[in-house]
Every structure is written in C-alpha cells, then in structure tokens.
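Undergrad: For reference, this is final.cif, and it has mmCIF, C-alpha atoms; chains and numbers go by the auth columns.
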data_entry
loop_
_atom_site.group_PDB
_atom_site.id
_atom_site.type_symbol
_atom_site.label_atom_id
_atom_site.label_comp_id
_atom_site.label_asym_id
_atom_site.label_seq_id
_atom_site.Cartn_x
_atom_site.Cartn_y
_atom_site.Cartn_z
_atom_site.B_iso_or_equiv
_atom_site.auth_seq_id
_atom_site.auth_asym_id
ATOM 1 C CA MET A 1 -34.681 203.454 63.566 0.00 1 G
ATOM 2 C CA ARG A 2 -31.564 204.891 62.061 0.00 2 G
ATOM 3 C CA PHE A 3 -31.476 207.949 59.847 0.00 3 G
ATOM 4 C CA MET A 4 -28.843 209.522 57.651 0.00 4 G
ATOM 5 C CA VAL A 5 -29.001 213.285 57.848 0.00 5 G
ATOM 6 C CA ILE A 6 -27.458 214.673 54.667 0.00 6 G
ATOM 7 C CA VAL A 7 -26.149 218.239 54.648 0.00 7 G
ATOM 8 C CA LYS A 8 -26.263 219.605 51.109 0.00 8 G
ATOM 9 C CA ALA A 9 -23.287 221.434 49.638 0.00 9 G
ATOM 10 C CA ASP A 10 -23.357 225.096 48.672 0.00 10 G
ATOM 11 C CA LYS A 11 -20.991 227.383 46.784 0.00 11 G
ATOM 12 C CA ASP A 12 -18.930 228.058 49.930 0.00 12 G
ATOM 13 C CA SER A 13 -18.482 224.404 50.897 0.00 13 G
ATOM 14 C CA GLU A 14 -17.584 223.566 47.288 0.00 14 G
ATOM 15 C CA ALA A 15 -15.040 226.416 47.281 0.00 15 G
ATOM 16 C CA GLY A 16 -13.409 224.915 50.362 0.00 16 G
ATOM 17 C CA ILE A 17 -14.376 227.863 52.567 0.00 17 G
ATOM 18 C CA MET A 18 -14.193 226.649 56.134 0.00 18 G
ATOM 19 C CA PRO A 19 -16.935 227.460 58.666 0.00 19 G
ATOM 20 C CA SER A 20 -16.452 230.312 61.101 0.00 20 G
ATOM 21 C CA GLN A 21 -15.209 229.707 64.633 0.00 21 G
ATOM 22 C CA GLN A 22 -18.687 230.601 65.869 0.00 22 G
ATOM 23 C CA LEU A 23 -20.363 227.996 63.663 0.00 23 G
ATOM 24 C CA LEU A 24 -17.791 225.382 64.700 0.00 24 G
ATOM 25 C CA THR A 25 -18.483 226.228 68.356 0.00 25 G
ATOM 26 C CA ASP A 26 -22.254 226.078 67.867 0.00 26 G
ATOM 27 C CA MET A 27 -21.991 222.821 65.922 0.00 27 G
ATOM 28 C CA GLY A 28 -19.792 221.322 68.643 0.00 28 G
ATOM 29 C CA LYS A 29 -22.418 222.153 71.268 0.00 29 G
ATOM 30 C CA TYR A 30 -25.169 220.722 69.051 0.00 30 G
ATOM 31 C CA ASN A 31 -23.206 217.519 68.433 0.00 31 G
ATOM 32 C CA GLU A 32 -22.614 217.153 72.183 0.00 32 G
ATOM 33 C CA GLU A 33 -26.346 217.496 72.784 0.00 33 G
ATOM 34 C CA LEU A 34 -27.049 214.820 70.164 0.00 34 G
ATOM 35 C CA ALA A 35 -24.400 212.503 71.623 0.00 35 G
ATOM 36 C CA ASN A 36 -25.570 213.014 75.212 0.00 36 G
ATOM 37 C CA ALA A 37 -29.124 212.144 74.148 0.00 37 G
ATOM 38 C CA GLY A 38 -27.896 208.930 72.479 0.00 38 G
ATOM 39 C CA VAL A 39 -29.022 210.164 69.056 0.00 39 G
ATOM 40 C CA MET A 40 -25.713 210.716 67.239 0.00 40 G
ATOM 41 C CA LEU A 41 -23.986 207.563 66.017 0.00 41 G
ATOM 42 C CA ALA A 42 -21.574 209.302 63.595 0.00 42 G
ATOM 43 C CA GLY A 43 -21.097 212.578 61.804 0.00 43 G
ATOM 44 C CA GLU A 44 -18.514 214.139 59.515 0.00 44 G
ATOM 45 C CA GLY A 45 -17.981 216.980 57.092 0.00 45 G
ATOM 46 C CA LEU A 46 -16.768 216.227 53.573 0.00 46 G
ATOM 47 C CA GLN A 47 -14.040 217.843 51.498 0.00 47 G
ATOM 48 C CA PRO A 48 -15.197 219.669 48.328 0.00 48 G
ATOM 49 C CA SER A 49 -16.068 217.575 45.284 0.00 49 G
ATOM 50 C CA SER A 50 -12.916 218.937 43.570 0.00 50 G
ATOM 51 C CA LYS A 51 -11.026 216.442 45.744 0.00 51 G
ATOM 52 C CA GLY A 52 -13.375 213.571 44.898 0.00 52 G
ATOM 53 C CA ALA A 53 -14.177 211.224 42.068 0.00 53 G
ATOM 54 C CA ARG A 54 -17.182 209.356 40.705 0.00 54 G
ATOM 55 C CA ILE A 55 -16.973 205.811 39.443 0.00 55 G
ATOM 56 C CA ARG A 56 -19.471 204.936 36.714 0.00 56 G
ATOM 57 C CA PHE A 57 -20.353 201.274 36.188 0.00 57 G
ATOM 58 C CA ALA A 58 -21.526 200.091 32.778 0.00 58 G
ATOM 59 C CA GLY A 59 -21.450 196.315 32.862 0.00 59 G
ATOM 60 C CA LYS A 60 -19.248 193.926 34.751 0.00 60 G
ATOM 61 C CA ASP A 61 -15.925 194.914 33.177 0.00 61 G
ATOM 62 C CA ARG A 62 -16.552 198.517 32.193 0.00 62 G
ATOM 63 C CA THR A 63 -15.996 201.268 34.706 0.00 63 G
ATOM 64 C CA SER A 64 -14.936 204.849 34.245 0.00 64 G
ATOM 65 C CA VAL A 65 -13.607 207.411 36.686 0.00 65 G
ATOM 66 C CA ILE A 66 -14.737 211.024 36.601 0.00 66 G
ATOM 67 C CA ASP A 67 -12.656 213.395 38.710 0.00 67 G
ATOM 68 C CA GLY A 68 -14.314 216.275 40.539 0.00 68 G
ATOM 69 C CA PRO A 69 -15.358 218.984 40.789 0.00 69 G
ATOM 70 C CA PHE A 70 -18.941 218.232 39.896 0.00 70 G
ATOM 71 C CA ALA A 71 -21.206 220.865 38.366 0.00 71 G
ATOM 72 C CA GLU A 72 -24.529 220.573 40.205 0.00 72 G
ATOM 73 C CA THR A 73 -23.802 221.941 43.692 0.00 73 G
ATOM 74 C CA LYS A 74 -27.407 221.437 44.822 0.00 74 G
ATOM 75 C CA GLU A 75 -27.001 217.679 44.305 0.00 75 G
ATOM 76 C CA LEU A 76 -23.744 217.383 46.287 0.00 76 G
ATOM 77 C CA VAL A 77 -23.248 216.402 49.905 0.00 77 G
ATOM 78 C CA ALA A 78 -21.110 218.517 52.250 0.00 78 G
ATOM 79 C CA GLY A 79 -21.502 216.398 55.367 0.00 79 G
ATOM 80 C CA PHE A 80 -23.630 213.871 57.192 0.00 80 G
ATOM 81 C CA TRP A 81 -24.794 212.517 60.501 0.00 81 G
ATOM 82 C CA LEU A 82 -25.985 209.051 61.355 0.00 82 G
ATOM 83 C CA TRP A 83 -28.686 209.230 64.033 0.00 83 G
ATOM 84 C CA LYS A 84 -30.731 206.759 66.021 0.00 84 G
ATOM 85 C CA CYS A 85 -34.250 208.070 66.643 0.00 85 G
ATOM 86 C CA ASN A 86 -37.626 206.551 67.450 0.00 86 G
ATOM 87 C CA SER A 87 -39.297 208.143 64.410 0.00 87 G
ATOM 88 C CA LYS A 88 -38.794 210.463 61.459 0.00 88 G
ATOM 89 C CA ASP A 89 -40.643 213.154 63.441 0.00 89 G
ATOM 90 C CA GLU A 90 -38.067 212.871 66.226 0.00 90 G
ATOM 91 C CA ALA A 91 -35.247 213.229 63.683 0.00 91 G
ATOM 92 C CA ILE A 92 -36.970 216.294 62.198 0.00 92 G
ATOM 93 C CA ASN A 93 -37.329 217.839 65.650 0.00 93 G
ATOM 94 C CA TRP A 94 -33.633 217.303 66.372 0.00 94 G
ATOM 95 C CA LEU A 95 -32.694 218.798 63.017 0.00 95 G
ATOM 96 C CA LYS A 96 -34.782 221.899 63.684 0.00 96 G
ATOM 97 C CA LYS A 97 -32.346 222.631 66.541 0.00 97 G
ATOM 98 C CA ALA A 98 -29.296 222.602 64.228 0.00 98 G
ATOM 99 C CA PRO A 99 -27.327 225.860 64.143 0.00 99 G
ATOM 100 C CA PHE A 100 -27.776 226.391 60.393 0.00 100 G
ATOM 101 C CA GLU A 101 -28.861 229.764 59.056 0.00 101 G
ATOM 102 C CA SER A 102 -29.280 228.693 55.429 0.00 102 G
ATOM 103 C CA GLY A 103 -29.040 225.677 53.162 0.00 103 G
ATOM 104 C CA GLU A 104 -30.874 222.410 52.887 0.00 104 G
ATOM 105 C CA VAL A 105 -30.602 219.169 54.854 0.00 105 G
ATOM 106 C CA GLU A 106 -32.194 215.851 53.927 0.00 106 G
ATOM 107 C CA ILE A 107 -33.261 213.066 56.303 0.00 107 G
ATOM 108 C CA ARG A 108 -33.365 209.480 55.001 0.00 108 G
ATOM 109 C CA GLN A 109 -34.198 206.360 56.984 0.00 109 G
ATOM 110 C CA LEU A 110 -31.738 203.476 56.719 0.00 110 G
ATOM 111 C CA PHE A 111 -32.861 199.969 55.884 0.00 111 G
ATOM 112 C CA GLU A 112 -32.847 197.529 58.789 0.00 112 G
ATOM 113 C CA ALA A 113 -32.481 193.744 58.449 0.00 113 G
ATOM 114 C CA GLU A 114 -36.224 193.141 58.865 0.00 114 G
ATOM 115 C CA ASP A 115 -36.971 195.406 55.892 0.00 115 G
ATOM 116 C CA PHE A 116 -35.496 192.851 53.454 0.00 116 G
ATOM 117 C CA GLY A 117 -37.934 190.033 54.238 0.00 117 G
ATOM 118 C CA GLU A 118 -37.315 186.389 53.387 0.00 118 G
ATOM 119 C CA GLU A 119 -34.600 187.234 50.858 0.00 119 G
ATOM 120 C CA PHE A 120 -32.350 188.170 53.794 0.00 120 G
ATOM 121 C CA THR A 121 -31.648 184.574 54.812 0.00 121 G
ATOM 122 C CA PRO A 122 -30.294 183.491 58.224 0.00 122 G
ATOM 123 C CA GLU A 123 -26.865 183.065 56.584 0.00 123 G
ATOM 124 C CA LEU A 124 -26.959 186.618 55.224 0.00 124 G
ATOM 125 C CA ARG A 125 -28.107 187.934 58.626 0.00 125 G
ATOM 126 C CA ALA A 126 -25.208 186.133 60.330 0.00 126 G
ATOM 127 C CA GLN A 127 -22.785 187.577 57.792 0.00 127 G
ATOM 128 C CA GLU A 128 -24.187 191.079 58.395 0.00 128 G
ATOM 129 C CA GLU A 129 -23.787 190.669 62.159 0.00 129 G
ATOM 130 C CA ARG A 130 -20.149 189.510 61.739 0.00 130 G
ATOM 131 C CA ILE A 131 -19.383 192.525 59.560 0.00 131 G
ATOM 132 C CA ARG A 132 -21.007 194.939 62.042 0.00 132 G
ATOM 133 C CA GLU A 133 -19.006 193.395 64.914 0.00 133 G
ATOM 134 C CA GLN A 134 -15.806 193.687 62.891 0.00 134 G
ATOM 135 C CA ILE A 135 -16.265 197.336 61.974 0.00 135 G
ATOM 136 C CA GLY A 136 -17.485 198.211 65.471 0.00 136 G
ATOM 137 C CA ALA A 137 -14.307 196.881 67.085 0.00 137 G
#
Please go through the file and, once you have read it, give me the structure as structure tokens.

TA:
Amino acid sequence: MRFMVIVKADKDSEAGIMPSQQLLTDMGKYNEELANAGVMLAGEGLQPSSKGARIRFAGKDRTSVIDGPFAETKELVAGFWLWKCNSKDEAINWLKKAPFESGEVEIRQLFEAEDFGEEFTPELRAQEERIREQIGA
C-alpha cells in the first residue's frame, strides 16, 4: 500500500519562514530512518502559496488562473511524503515518530490499479505501466 502523508501549512510556512537548523537535522535523521526501512518513496517541502497558482476549470474551454497567496492556511499543504507501508496503522506509527512539535499531518492511501476494477482495462493497465517505467527512469 502506498500513502501520501500531507504536512499542513501554518502561518510560518506561508510566511516563508524556513525551519531551524535543529529541525532540518532532526528531519534529515527521520527521513534516513524512513528510507533505510524502505518506507519513504519521495518527500519534499513546498514553497508558500504566494508563489503558487490555482487553475479553475469550468467546462472544456473555460479555465481561470488565481495567483496565490491563498487565504485559508489550514487547507494548504506545506510538504509531503510518499510512503510504502503494509497498512494505515503502520503509516500512523511511522508518523508518530516525526520530529514535529505542532501542526497537523494527514495520511491518505493512494489508489492502486486493482482498486479501479473492470473499468481499468488491460490496455489502460499497460499504458499505466509504460508511464511508470518512463518516469522511473
């Protein structure tokens, strides 16, 4: 099972305040532990929403662009991990070891090919495999 671990933004991350050297050190050790255990597949921090944009779709030919920053900090993402775990409980247990002192982190399971049933035809599965090979190279 794969899980996205979503680190929520706060007023400091949205203000572009960088983490302390101690937190960076602690996070580096934590990430090494995750990687050594074969759990961590990817992980990155995100720039503040002031450097981002949202694209709103309203029909096939109607899109609009909204530049950041975005008002609701509690709904924003400051960073993420992609983990491979045997269960949600395992992901929760790993997250409990994170060196955070405050904030909120969300865990969401990713869809796997078998979750889509018959609608995910052999042709679509083959296409998905080709794409994964391409981006993994």

Undergrad: Could you check how far CA of Asn93 (chain G) sits from CA of Asp26 (chain G), in Å to one decimal?

TA: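 The value is 17.3 Å.
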
Undergrad: Pick out the closest residue to Ser102 (chain G) from this set: G:Val5, G:Trp83, G:Leu34, G:Asp10. Count only C-alpha atoms.

TA: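 When distances to Ser102 (chain G) are compared using only C-alpha atoms, the smallest one comes from G:Asp10.
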
Undergrad: Report, in Å with one decimal, the straight-line distance from CA of Leu46 (chain G) to CA of Ala71 (chain G).

TA: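 Value for the CA of Leu46 (chain G)-CA of Ala71 (chain G) distance: 16.5 Å.
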
Undergrad: What's the 10 Å shell around Gln47 (chain G), counting only C-alpha atoms, without same-chain residues fewer than 4 positions away, as a PDB file with C-alpha atoms, keeping the file's coordinate frame?

TA:
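Everything below was put into result38.pdb:
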ATOM      1  CA  SER G  13     -18.482 224.404  50.897  1.00  0.00           C
ATOM      2  CA  GLU G  14     -17.584 223.566  47.288  1.00  0.00           C
ATOM      3  CA  ALA G  15     -15.040 226.416  47.281  1.00  0.00           C
ATOM      4  CA  GLY G  16     -13.409 224.915  50.362  1.00  0.00           C
ATOM      5  CA  MET G  18     -14.193 226.649  56.134  1.00  0.00           C
ATOM      6  CA  LYS G  51     -11.026 216.442  45.744  1.00  0.00           C
ATOM      7  CA  GLY G  52     -13.375 213.571  44.898  1.00  0.00           C
ATOM      8  CA  VAL G  77     -23.248 216.402  49.905  1.00  0.00           C
ATOM      9  CA  ALA G  78     -21.110 218.517  52.250  1.00  0.00           C
ATOM     10  CA  GLY G  79     -21.502 216.398  55.367  1.00  0.00           C
TER      11      GLY G  79
END

Undergrad: Suppose you want the space between CA of Ala53 (chain G) and CA of Leu24 (chain G); what is it in Å?

TA: 26.9 Å

Undergrad: Taking all atoms listed in the file into account, name the residue in G:Arg132, G:Val105, G:Ala98, G:Glu112 that is nearest to Glu33 (chain G).

TA: G:Ala98

Undergrad: From the list G:Glu128, G:Asp115, G:Glu44, G:Glu106, which residue is nearest Val7 (chain G) when using all atoms listed in the file?

TA: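 Of G:Glu128, G:Asp115, G:Glu44, G:Glu106, the one nearest Val7 (chain G), counting all atoms listed in the file, is G:Glu106.
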